[in-house]
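Novice: my_file-v9.tsv is reproduced in full below (TSV, C-alpha atoms).
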```tsv
chain	number	residue	atom	x	y	z
B	1	MET	CA	-15.50	5.07	100.75
B	2	LYS	CA	-16.19	8.01	103.02
B	3	PRO	CA	-19.32	10.15	102.60
B	4	ASN	CA	-18.71	13.29	100.56
B	5	LEU	CA	-20.41	16.57	99.74
B	6	PHE	CA	-22.08	15.12	96.66
B	7	PHE	CA	-23.72	12.44	98.78
B	8	LEU	CA	-25.03	14.97	101.27
B	9	LEU	CA	-26.42	17.23	98.55
B	10	TYR	CA	-28.03	14.29	96.82
B	11	LEU	CA	-29.69	13.24	100.05
B	12	LEU	CA	-31.20	16.72	100.24
B	13	VAL	CA	-32.75	16.13	96.84
B	14	MET	CA	-33.89	12.66	97.77
B	15	ILE	CA	-35.28	13.44	101.17
B	16	SER	CA	-36.84	16.88	101.22
B	17	SER	CA	-39.86	15.85	99.19
B	18	CYS	CA	-42.04	15.38	102.27
B	19	LYS	CA	-45.01	17.61	101.43
B	20	ASN	CA	-47.79	19.22	103.44
B	21	PRO	CA	-47.37	17.67	106.92
B	22	THR	CA	-50.72	17.71	108.78
B	23	PRO	CA	-52.46	15.28	111.11
B	24	PRO	CA	-53.32	11.94	109.51
B	25	THR	CA	-56.87	11.33	108.30
B	26	PRO	CA	-58.66	7.96	108.06
B	27	LYS	CA	-57.39	5.66	105.35
B	28	GLU	CA	-59.55	5.34	102.24
B	29	HIS	CA	-58.33	1.87	101.31
B	30	GLY	CA	-57.06	-1.25	103.00
B	31	PHE	CA	-53.66	-2.83	102.61
B	32	PHE	CA	-52.92	-3.87	99.02
B	33	THR	CA	-50.07	-5.24	96.94
B	34	VAL	CA	-48.68	-3.84	93.70
B	35	ASP	CA	-47.60	-6.90	91.69
B	36	PHE	CA	-44.65	-5.31	89.92
B	37	GLU	CA	-43.54	-8.44	88.08
B	38	LYS	CA	-47.03	-8.98	86.64
B	39	ALA	CA	-47.48	-5.30	85.74
B	40	LEU	CA	-44.14	-5.23	83.91
B	41	SER	CA	-45.50	-7.78	81.45
B	42	ASN	CA	-48.66	-5.73	80.84
B	43	GLU	CA	-47.49	-3.07	78.38
B	44	LYS	CA	-49.80	-0.20	77.56
B	45	LEU	CA	-49.55	3.13	75.76
B	46	ILE	CA	-51.50	5.69	77.80
B	47	LYS	CA	-52.11	9.20	76.53
B	48	LEU	CA	-51.94	12.20	78.82
B	49	SER	CA	-55.49	13.19	77.84
B	50	GLU	CA	-56.74	9.92	79.36
B	51	ILE	CA	-55.73	10.99	82.87
B	52	ALA	CA	-55.52	14.80	82.73
B	53	LYS	CA	-58.24	17.35	83.41
B	54	SER	CA	-55.86	20.26	82.82
B	55	VAL	CA	-52.18	20.95	82.13
B	56	LYS	CA	-50.35	24.06	83.26
B	57	TYR	CA	-46.76	25.22	82.80
B	58	ILE	CA	-45.03	27.53	85.30
B	59	PRO	CA	-41.69	29.05	84.24
B	60	LEU	CA	-39.83	29.94	87.42
B	61	GLN	CA	-38.28	33.39	87.53
B	62	THR	CA	-34.54	33.36	86.91
B	63	ASP	CA	-32.05	35.92	88.14
B	64	SER	CA	-28.99	36.06	90.38
B	65	THR	CA	-31.10	35.97	93.57
B	66	CYS	CA	-33.01	32.78	92.80
B	67	LEU	CA	-30.87	30.43	90.72
B	68	LEU	CA	-31.71	26.75	91.12
B	69	PRO	CA	-28.93	24.16	90.65
B	70	GLY	CA	-31.04	21.92	88.42
B	71	SER	CA	-32.68	19.66	90.99
B	72	THR	CA	-36.26	18.49	90.48
B	73	ASP	CA	-37.13	18.75	94.16
B	74	PHE	CA	-39.95	21.10	95.17
B	75	MET	CA	-42.44	21.51	97.99
B	76	PHE	CA	-45.88	23.07	97.63
B	77	THR	CA	-48.19	25.02	99.92
B	78	ASN	CA	-51.59	26.46	99.09
B	79	ASP	CA	-49.98	29.70	97.96
B	80	TYR	CA	-46.31	29.02	97.30
B	81	ILE	CA	-43.80	26.81	95.55
B	82	LEU	CA	-40.75	26.15	97.72
B	83	TYR	CA	-37.32	24.97	96.65
B	84	PRO	CA	-34.95	23.71	99.40
B	85	GLY	CA	-31.38	24.69	98.59
B	86	ARG	CA	-28.21	24.09	100.52
B	87	ASP	CA	-28.56	26.90	103.06
B	88	GLU	CA	-31.87	28.63	102.28
B	89	ILE	CA	-35.31	27.97	100.82
B	90	LEU	CA	-36.41	29.83	97.70
B	91	GLU	CA	-40.09	30.77	97.57
B	92	PHE	CA	-42.09	31.39	94.37
B	93	ASP	CA	-45.78	32.03	93.77
B	94	TYR	CA	-47.89	30.04	91.32
B	95	THR	CA	-47.09	32.41	88.46
B	96	GLY	CA	-43.41	31.53	88.94
B	97	LYS	CA	-42.52	34.93	90.42
B	98	PHE	CA	-39.74	34.82	93.00
B	99	ILE	CA	-41.04	36.06	96.36
B	100	ARG	CA	-38.34	35.66	98.99
B	101	LYS	CA	-35.64	33.56	100.60
B	102	ILE	CA	-36.42	31.72	103.82
B	103	GLY	CA	-33.61	31.14	106.30
B	104	THR	CA	-30.22	32.73	106.78
B	105	PRO	CA	-27.01	30.95	105.75
B	106	GLY	CA	-24.55	30.52	108.59
B	107	LYS	CA	-23.51	28.44	111.59
B	108	GLY	CA	-25.45	30.32	114.24
B	109	PRO	CA	-28.17	28.75	116.43
B	110	ASN	CA	-31.02	29.54	114.03
B	111	GLU	CA	-29.07	29.71	110.78
B	112	ILE	CA	-28.88	27.11	108.01
B	113	ASN	CA	-25.60	25.35	107.29
B	114	MET	CA	-26.01	22.40	104.88
B	115	MET	CA	-29.73	21.65	104.81
B	116	MET	CA	-30.32	17.91	105.13
B	117	SER	CA	-34.10	17.87	104.88
B	118	ALA	CA	-37.09	20.20	104.79
B	119	SER	CA	-40.83	19.81	105.23
B	120	VAL	CA	-43.95	21.95	105.12
B	121	LEU	CA	-46.58	22.19	107.83
B	122	ASN	CA	-49.35	23.53	105.63
B	123	ASN	CA	-51.95	23.81	108.37
B	124	GLU	CA	-49.60	25.99	110.42
B	125	ASN	CA	-48.05	27.92	107.49
B	126	LEU	CA	-44.59	26.79	108.59
B	127	VAL	CA	-41.57	25.21	106.97
B	128	ALA	CA	-39.16	23.12	109.06
B	129	VAL	CA	-35.48	22.58	108.26
B	130	LYS	CA	-33.00	20.01	109.57
B	131	THR	CA	-29.37	21.05	109.07
B	132	LEU	CA	-26.08	19.21	109.31
B	133	GLY	CA	-24.08	19.44	112.49
B	134	ASN	CA	-26.76	20.35	115.03
B	135	ASN	CA	-29.54	18.61	116.89
B	136	LYS	CA	-32.28	21.11	116.13
B	137	MET	CA	-35.28	21.33	113.86
B	138	ILE	CA	-35.60	24.98	112.81
B	139	TYR	CA	-39.03	26.41	111.98
B	140	PHE	CA	-39.81	29.46	109.83
B	141	ASP	CA	-43.10	30.97	108.74
B	142	LEU	CA	-43.84	31.43	105.05
B	143	ASN	CA	-42.89	35.10	105.31
B	144	GLY	CA	-39.35	34.01	106.13
B	145	ARG	CA	-39.38	34.81	109.84
B	146	PHE	CA	-37.77	32.49	112.38
B	147	VAL	CA	-40.39	30.94	114.67
B	148	LYS	CA	-38.70	28.37	116.90
B	149	SER	CA	-36.27	25.48	117.10
B	150	VAL	CA	-36.76	22.16	118.88
B	151	ASP	CA	-34.51	19.21	119.76
B	152	ALA	CA	-34.07	16.77	116.88
B	153	ARG	CA	-31.38	14.14	117.48
B	154	MET	CA	-31.25	12.88	113.91
B	155	VAL	CA	-29.45	13.62	110.66
B	156	PHE	CA	-32.48	13.53	108.38
B	157	GLY	CA	-35.80	14.54	109.91
B	158	TYR	CA	-39.32	15.52	108.87
B	159	ALA	CA	-41.56	17.71	110.95
B	160	PHE	CA	-45.19	17.07	111.85
B	161	GLN	CA	-47.68	18.88	114.01
B	162	ASN	CA	-46.97	19.32	117.73
B	163	ASP	CA	-43.20	18.93	117.26
B	164	THR	CA	-43.49	15.29	116.24
B	165	MET	CA	-40.75	14.21	113.83
B	166	LEU	CA	-39.86	11.24	111.67
B	167	ALA	CA	-36.16	10.36	111.51
B	168	TYR	CA	-34.87	8.51	108.44
B	169	ASP	CA	-31.67	6.44	108.34
B	170	LEU	CA	-30.09	4.86	105.27
B	171	CYS	CA	-28.76	2.02	107.48
B	172	SER	CA	-25.52	1.94	105.51
B	173	MET	CA	-23.17	1.14	108.38
B	174	GLY	CA	-24.52	-2.30	109.23
B	175	TYR	CA	-25.35	-1.74	112.89
B	176	GLU	CA	-28.33	0.65	112.80
B	177	ASP	CA	-31.48	-0.45	114.63
B	178	TYR	CA	-34.09	1.50	112.66
B	179	PHE	CA	-34.89	2.70	109.16
B	180	PHE	CA	-37.56	5.07	110.49
B	181	ARG	CA	-38.19	6.39	113.98
B	182	LEU	CA	-41.15	8.53	115.04
B	183	THR	CA	-40.10	10.80	117.88
B	184	ASN	CA	-40.86	14.05	119.69
B	185	SER	CA	-38.85	17.05	120.82
B	186	LYS	CA	-37.80	15.16	123.96
B	187	ASN	CA	-36.32	12.45	121.70
B	188	ASP	CA	-38.80	9.90	123.02
B	189	THR	CA	-39.20	6.98	120.61
B	190	ILE	CA	-42.87	6.61	119.72
B	191	SER	CA	-42.77	4.07	116.88
B	192	VAL	CA	-40.14	2.51	114.61
B	193	VAL	CA	-39.45	0.48	111.48
B	194	GLN	CA	-36.75	-2.02	112.39
B	195	ASN	CA	-33.65	-2.53	110.26
B	196	PRO	CA	-33.88	-6.27	109.38
B	197	TYR	CA	-30.34	-6.71	108.10
B	198	LYS	CA	-27.13	-5.99	109.97
B	199	TRP	CA	-23.53	-6.88	109.33
B	200	THR	CA	-20.10	-6.43	110.91
B	201	ASN	CA	-17.65	-4.26	109.01
B	202	ASN	CA	-13.99	-4.86	109.90
B	203	THR	CA	-12.48	-3.06	106.91
B	204	GLY	CA	-12.18	0.38	108.50
B	205	THR	CA	-14.08	1.96	105.60
B	206	TYR	CA	-17.75	2.26	104.79
B	207	THR	CA	-19.93	3.11	101.83
B	208	MET	CA	-23.08	5.22	101.68
B	209	MET	CA	-24.85	4.62	98.38
B	210	THR	CA	-27.77	6.48	96.83
B	211	PHE	CA	-29.33	5.95	93.44
B	212	ASP	CA	-30.92	8.37	91.01
B	213	GLY	CA	-34.67	8.75	91.08
B	214	PHE	CA	-35.36	7.19	94.47
B	215	ASN	CA	-37.57	9.34	96.68
B	216	PRO	CA	-38.61	7.72	99.97
B	217	PHE	CA	-41.43	10.17	100.87
B	218	TYR	CA	-44.66	11.62	99.54
B	219	TRP	CA	-47.75	13.28	101.01
B	220	TYR	CA	-51.34	12.59	100.00
B	221	LYS	CA	-54.60	13.61	101.71
B	222	ASN	CA	-52.89	14.87	104.86
B	223	ARG	CA	-50.92	11.68	105.29
B	224	CYS	CA	-47.22	10.97	104.90
B	225	TYR	CA	-46.09	7.77	103.13
B	226	PHE	CA	-42.52	6.49	103.20
B	227	LYS	CA	-40.40	3.59	102.01
B	228	CYS	CA	-36.77	2.44	102.20
B	229	MET	CA	-34.82	1.47	99.10
B	230	HIS	CA	-34.11	-2.08	100.30
B	231	ASN	CA	-37.61	-2.66	101.61
B	232	ASP	CA	-40.82	-3.47	99.70
B	233	THR	CA	-43.30	-1.97	102.20
B	234	VAL	CA	-44.71	1.56	102.00
B	235	TYR	CA	-45.54	2.82	105.50
B	236	THR	CA	-47.72	5.58	106.89
B	237	ILE	CA	-48.64	6.92	110.33
B	238	THR	CA	-51.97	6.06	111.95
B	239	LYS	CA	-52.97	7.08	115.48
B	240	GLY	CA	-49.38	8.00	116.28
B	241	LYS	CA	-47.92	4.68	115.09
B	242	ILE	CA	-45.99	3.67	111.98
B	243	VAL	CA	-48.03	1.05	110.11
B	244	PRO	CA	-47.76	-0.71	106.72
B	245	SER	CA	-49.95	0.85	104.02
B	246	TYR	CA	-49.18	-1.20	100.91
B	247	LEU	CA	-46.56	-3.40	99.31
B	248	ILE	CA	-44.57	-2.99	96.11
B	249	ASN	CA	-43.75	-6.63	95.39
B	250	LEU	CA	-40.81	-6.69	92.96
B	251	GLY	CA	-40.83	-10.47	92.84
B	252	LYS	CA	-37.77	-11.86	91.07
B	253	TYR	CA	-36.52	-8.30	90.59
B	254	GLN	CA	-36.08	-7.66	94.35
B	255	LEU	CA	-32.40	-7.45	95.32
B	256	PRO	CA	-31.72	-10.04	98.07
B	257	ILE	CA	-31.10	-8.05	101.22
B	258	GLU	CA	-27.88	-9.93	101.99
B	259	LYS	CA	-26.45	-8.70	98.67
B	260	ARG	CA	-26.72	-4.99	99.49
B	261	PRO	CA	-23.79	-3.01	98.05
B	262	GLU	CA	-22.94	-1.19	101.30
B	263	ASN	CA	-21.74	-4.40	102.92
B	264	PRO	CA	-18.05	-4.92	102.04
B	265	ALA	CA	-18.65	-8.69	101.99
B	266	SER	CA	-21.25	-8.41	99.19
B	267	MET	CA	-20.08	-5.34	97.28
B	268	ALA	CA	-18.11	-7.25	94.63
B	269	GLU	CA	-20.97	-9.68	94.00
B	270	PHE	CA	-23.43	-6.80	93.76
B	271	GLU	CA	-21.43	-5.31	90.89
B	272	ASN	CA	-21.86	-8.58	88.98
B	273	ILE	CA	-25.60	-8.95	89.54
B	274	LYS	CA	-26.90	-5.37	89.76
B	275	ASP	CA	-28.42	-5.42	86.25
B	276	GLN	CA	-30.83	-8.18	87.36
B	277	TYR	CA	-32.60	-6.19	90.08
B	278	TYR	CA	-34.79	-3.10	90.46
B	279	TYR	CA	-35.43	-0.51	93.12
B	280	ALA	CA	-38.72	1.38	93.20
B	281	CYS	CA	-40.57	4.28	94.82
B	282	SER	CA	-44.10	5.56	94.41
B	283	ILE	CA	-46.64	8.39	94.57
B	284	GLU	CA	-50.37	7.99	95.21
B	285	ASN	CA	-53.08	10.29	93.83
B	286	GLN	CA	-56.75	9.88	92.87
B	287	GLY	CA	-56.89	6.13	93.40
B	288	LYS	CA	-53.76	5.47	91.36
B	289	VAL	CA	-50.22	4.56	92.42
B	290	PHE	CA	-47.43	5.82	90.17
B	291	VAL	CA	-44.48	3.46	90.63
B	292	SER	CA	-41.09	4.64	89.35
B	293	SER	CA	-38.56	1.83	88.98
B	294	PHE	CA	-34.93	1.59	87.97
B	295	ARG	CA	-32.37	-1.17	87.59
B	296	PHE	CA	-29.44	-0.90	89.99
B	297	GLY	CA	-27.26	-1.16	86.89
B	298	GLY	CA	-28.55	2.14	85.59
B	299	GLU	CA	-31.16	1.20	82.99
B	300	ASN	CA	-33.67	3.86	81.99
B	301	GLN	CA	-36.64	4.49	84.24
B	302	GLN	CA	-39.63	2.16	83.85
B	303	ASN	CA	-43.02	3.34	85.06
B	304	ILE	CA	-45.97	1.36	86.40
B	305	LEU	CA	-49.50	2.76	86.78
B	306	TYR	CA	-51.44	0.79	89.38
B	307	ASP	CA	-55.21	1.12	89.89
B	308	ILE	CA	-56.06	0.46	93.54
B	309	GLU	CA	-59.74	-0.32	93.02
B	310	LYS	CA	-59.20	-2.59	90.01
B	311	ASN	CA	-56.02	-4.16	91.44
B	312	THR	CA	-54.31	-3.89	88.04
B	313	GLY	CA	-50.95	-2.57	86.98
B	314	GLU	CA	-49.75	-1.38	83.58
B	315	TYR	CA	-46.25	-0.79	82.27
B	316	LEU	CA	-46.17	2.46	80.30
B	317	VAL	CA	-44.61	2.33	76.84
B	318	ASN	CA	-44.62	4.45	73.67
B	319	ASP	CA	-45.61	3.34	70.16
B	320	SER	CA	-42.21	1.62	69.81
B	321	SER	CA	-42.81	-0.42	73.00
B	322	ASN	CA	-40.03	1.47	74.79
B	323	ALA	CA	-40.39	2.60	78.41
B	324	SER	CA	-42.27	5.87	78.60
B	325	GLY	CA	-44.45	8.17	80.64
B	326	PHE	CA	-47.90	9.35	79.57
B	327	ILE	CA	-47.72	10.26	75.88
B	328	ASN	CA	-48.34	13.99	75.60
B	329	ASP	CA	-51.22	14.39	73.17
B	330	TRP	CA	-52.29	17.51	75.08
B	331	ASP	CA	-49.88	19.88	73.37
B	332	GLY	CA	-47.20	17.60	71.89
B	333	GLY	CA	-44.79	18.62	74.65
B	334	PRO	CA	-42.83	16.45	77.07
B	335	ASP	CA	-44.27	13.05	77.91
B	336	PHE	CA	-45.39	13.25	81.53
B	337	TRP	CA	-44.45	11.21	84.57
B	338	PRO	CA	-44.94	12.70	88.06
B	339	GLN	CA	-42.07	13.61	90.33
B	340	GLY	CA	-44.41	14.45	93.20
B	341	ASN	CA	-47.77	15.72	94.38
B	342	VAL	CA	-48.77	19.37	94.33
B	343	ASN	CA	-52.05	18.65	96.13
B	344	ASP	CA	-54.66	15.91	96.33
B	345	ASN	CA	-55.54	16.00	92.63
B	346	THR	CA	-52.49	17.55	90.95
B	347	LEU	CA	-49.04	16.14	90.10
B	348	PHE	CA	-45.91	17.92	88.89
B	349	MET	CA	-42.85	17.34	86.75
B	350	ALA	CA	-39.90	19.75	86.49
B	351	ILE	CA	-38.60	20.30	82.95
B	352	PRO	CA	-35.14	21.82	82.35
B	353	ALA	CA	-35.57	24.92	80.19
B	354	VAL	CA	-32.92	23.73	77.74
B	355	LYS	CA	-34.79	20.47	77.17
B	356	LEU	CA	-38.12	22.23	76.68
B	357	LYS	CA	-36.67	24.55	74.05
B	358	ALA	CA	-34.95	21.69	72.24
B	359	LEU	CA	-38.16	19.65	72.20
B	360	VAL	CA	-40.30	22.42	70.75
B	361	GLU	CA	-37.75	22.94	67.99
B	362	SER	CA	-37.50	19.21	67.18
B	363	ASP	CA	-39.05	17.17	64.37
B	364	ALA	CA	-40.76	15.03	66.99
B	365	PHE	CA	-42.73	18.04	68.20
B	366	LEU	CA	-43.65	19.06	64.65
B	367	ASN	CA	-45.03	15.57	64.03
B	368	ALA	CA	-46.73	15.17	67.40
B	369	THR	CA	-50.45	15.42	67.95
B	370	GLY	CA	-52.12	17.91	70.25
B	371	ASN	CA	-54.63	20.71	70.50
B	372	ASP	CA	-53.53	23.57	68.21
B	373	LYS	CA	-54.21	26.21	70.88
B	374	ASN	CA	-52.26	24.27	73.48
B	375	ARG	CA	-49.38	23.70	71.08
B	376	LYS	CA	-49.15	27.41	70.26
B	377	ALA	CA	-49.14	28.30	73.96
B	378	LEU	CA	-46.24	25.89	74.54
B	379	ILE	CA	-44.33	27.29	71.57
B	380	ASP	CA	-44.80	30.83	72.90
B	381	LEU	CA	-43.63	29.76	76.36
B	382	ALA	CA	-40.51	28.05	75.00
B	383	ALA	CA	-39.66	31.18	73.03
B	384	LYS	CA	-39.67	33.28	76.22
B	385	VAL	CA	-37.38	31.11	78.34
B	386	LYS	CA	-33.63	30.88	77.93
B	387	GLU	CA	-31.66	27.65	77.94
B	388	GLU	CA	-29.94	28.54	81.22
B	389	ASP	CA	-33.19	29.50	83.00
B	390	ASN	CA	-34.67	27.77	86.02
B	391	PRO	CA	-36.86	24.71	85.34
B	392	VAL	CA	-40.38	25.00	84.00
B	393	LEU	CA	-42.90	23.18	86.20
B	394	MET	CA	-45.53	21.09	84.43
B	395	LEU	CA	-48.64	20.69	86.61
B	396	VAL	CA	-51.18	18.03	85.64
B	397	GLU	CA	-54.59	18.04	87.31
B	398	LEU	CA	-56.14	14.57	87.28
```
Can the structure in the file be given as C-alpha cells, please?
Specialist:
Amino acid sequence: MKPNLFFLLYLLVMISSCKNPTPPTPKEHGFFTVDFEKALSNEKLIKLSEIAKSVKYIPLQTDSTCLLPGSTDFMFTNDYILYPGRDEILEFDYTGKFIRKIGTPGKGPNEINMMMSASVLNNENLVAVKTLGNNKMIYFDLNGRFVKSVDARMVFGYAFQNDTMLAYDLCSMGYEDYFFRLTNSKNDTISVVQNPYKWTNNTGTYTMMTFDGFNPFYWYKNRCYFKCMHNDTVYTITKGKIVPSYLINLGKYQLPIEKRPENPASMAEFENIKDQYYYACSIENQGKVFVSSFRFGGENQQNILYDIEKNTGEYLVNDSSNASGFINDWDGGPDFWPQGNVNDNTLFMAIPAVKLKALVESDAFLNATGNDKNRKALIDLAAKVKEEDNPVLMLVEL
C-alpha cells in the first residue's frame, strides 16, 4: 500500500507535539521502569480533585480565518497557543483569541507546502517548520515573520537551539538504519537510535502504518523525550547525546518485533494476533508519568498513572471498573486525561465543542458531583459555544 495524503496529515498530528525546545537541564531522576503489566492489574478510581490545583477552559475563537480541522495537536509558548495546520500555523492567546497566522502557503523557498512537523524554541521565541518536498527547516518568529532556513535532510524533524535537529523515521521500509538521528545544519550525525529490526521486501509494495493516539514526543523541564511505537525505551538528550531515560515494559503485551505489520511476511499473522498486544506512549509531569495505551486491534484507550518516587503504577477506571481518565469531580465535566504538557506543572486536553455541549445537557452531568460554582461556569461556557466551533482546551494545573 502506497503512502497517501491521510497518512501524511496524520503524521503531522502525531509528530508536531514537540514542545518548548531549549537546552537540556540535569535529570531529576535516574533510569526507571514502568511495569505496565503489573500496573494494569492495579485498578484505581482517581478523582480529578486528587491531582488538580486548578482547572481552566479556553474556548478557541472560531471564524473563517482560524478553523481547525478537529485535531487535538497543540503547541504552547509562554504567551501563545499554536496549532500546526497543513500549510500555516494558527496562533491564539490564552483567552482563546485568534492572533495571527504564521507562515505563507506555497512552494517557494520560505513558504509552507504540506507541513510535516513543527516545534517551538521558547527561549528564542521561534517556531520551526519542516515541510514536505524540501531539505530545509524554516524558522519564524512568534509575530509571523520569516527568520531563516537551514539544511535539514529529513522528512520529519524537530528543531533545537543552535540549529541542532532530531530526525524521526518510522522505519517502515525494512532497510532504515535509525529510528532517531541527532544532527546539525551540515547534516553531521551526532547521535542515533539504531533500528534493531530490518527485513527484505520483494513484493514491490510497502505499507506505512500509524495508529490513533500514539505521540512519540513530549517536552518537560527543558528536555525533549521521545519513543518509537515498536520500542519500549523512552529516550532523551544529555550533553549532546541520545540516551535512555526510562522504560515502559509492556511485558506479555509487547508485540514481538518480528511480527510488525509493515513487513509483508508478517502482515497476515499480525491481523490474527493484533488484539493480544498494546502500544503505548507517555507524558511526564510533576513526578508522574501518564502512560496512554491502546490495543493494536483498536480497543478503547487504557491509562496508567505511574509515580516515579514510589515506583507504583495504577490503572485508571470509573465506578463500573471500565477504563477511564481522572473522574471529573471538579465541575462534573469531561473526565480528564492529558494529551500533552502546557508547561512544567500544567497539562491539557482538547474537547470538541459538540461533545462538551452534549455532555452538559446529559443526565450524566446532572447526576455528577462537583463544585456548584464550577458547574455553573461550565454550563455558561457550553451555552456560548456552537457545536461546529473549534475545540475547547481544558488546562489542568497539578
Novice: Taking 2 positions as the minimum chain separation for residues in the same chain, which residues sit within 8 Å of Pro352 in chain B when counting all atoms listed in the file? Answer as a PyMOL selection string.
Specialist: chain B and resi 70+350+354-356+389-392
Novice: Figure out the distance between CA of Val243 in chain B and CA of Thr33 in chain B, please, to one decimal in Å.
Specialist: 14.7 Å
Novice: Find the distance between CA of Phe179 in chain B and CA of Asp151 in chain B and write it in Å to one decimal.
Specialist: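 Computing it gives 19.6 Å between the two atoms.
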Novice: Which protein, DNA or RNA residues have an atom at most 10 Å from (-48.0, 15.1, 78.1), counting all atoms listed in the file? List them as a ChimeraX atom specification.
Specialist: /B:47-49,51-52,55,325-337,370,394,396
Novice: When you count only C-alpha atoms, which of these residues is closest to Phe226 in chain B: B:Phe214, B:Tyr139, B:Tyr315, B:Tyr80?
Specialist: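 Nearest candidate to Phe226 in chain B out of B:Phe214, B:Tyr139, B:Tyr315, B:Tyr80: B:Phe214.
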Novice: Find, counting only C-alpha atoms, the residue in B:Leu305, B:Leu132, B:Ile58, B:Met173 that gets nearest to Lys38 in chain B.
Specialist: B:Leu305
Novice: Could you please determine the separation between CA of Ile81 in chain B and CA of Asn343 in chain B in Å, to one decimal place?
Specialist: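 Computing the Euclidean distance for CA of Ile81 in chain B and CA of Asn343 in chain B yields 11.6 Å.
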Novice: Neighbouring residues of range 157-169 of chain B were defined as those with any atom within 9 Å, considering only C-alpha atoms; residues of the same chain fewer than 4 positions away were excluded. Please report them as a PyMOL selection string.
Specialist: chain B and resi 15-16+18+21-23+116-121+123-124+127-130+137+150+152-153+176+178-185+228
Novice: Give me the residues within 8 Å of range 286-290 of chain B as a PyMOL selection string, counting all atoms listed in the file and dropping any in the same chain fewer than 6 places off.
Specialist: chain B and resi 303-309+338+344-345+398
Novice: Tell me which of B:Ile242, B:Ala377, B:Ile351, B:Val34 sits closest to Ser191 in chain B, counting only C-alpha atoms.
Specialist: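 That would be B:Ile242, the residue with the smallest distance to Ser191 in chain B.
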Novice: Any idea what's packed within 8 Å of Ile248 in chain B, counting all atoms listed in the file, ignoring anything in its chain fewer than 6 positions away? Could you give it as a list of chain:residue names?
Specialist: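 Answer for this query is B:Thr33, B:Val34, B:Asp35, B:Phe36, B:Asp232, B:Thr233, B:Val234, B:Ala280.
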Novice: Could you check which residues have any atom within 8 Å of (-25.5, -7.9, 110.2), counting all atoms listed in the file with coordinates taken straight from the file, and then list them as a list in words?
Specialist: Gly174, Tyr175, Tyr197, Lys198, Trp199 and Thr200 of chain B
Novice: Show which residues sit within 10 Å of Arg260 in chain B, as a list of chain:residue names. Count only C-alpha atoms, and ignore same-chain residues fewer than 6 positions away.
Specialist: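 Near neighbours after the sequence-gap exclusion: B:Ser172, B:Tyr197, B:Met209, B:His230, B:Ser266, B:Met267, B:Glu269, B:Phe270, B:Lys274.
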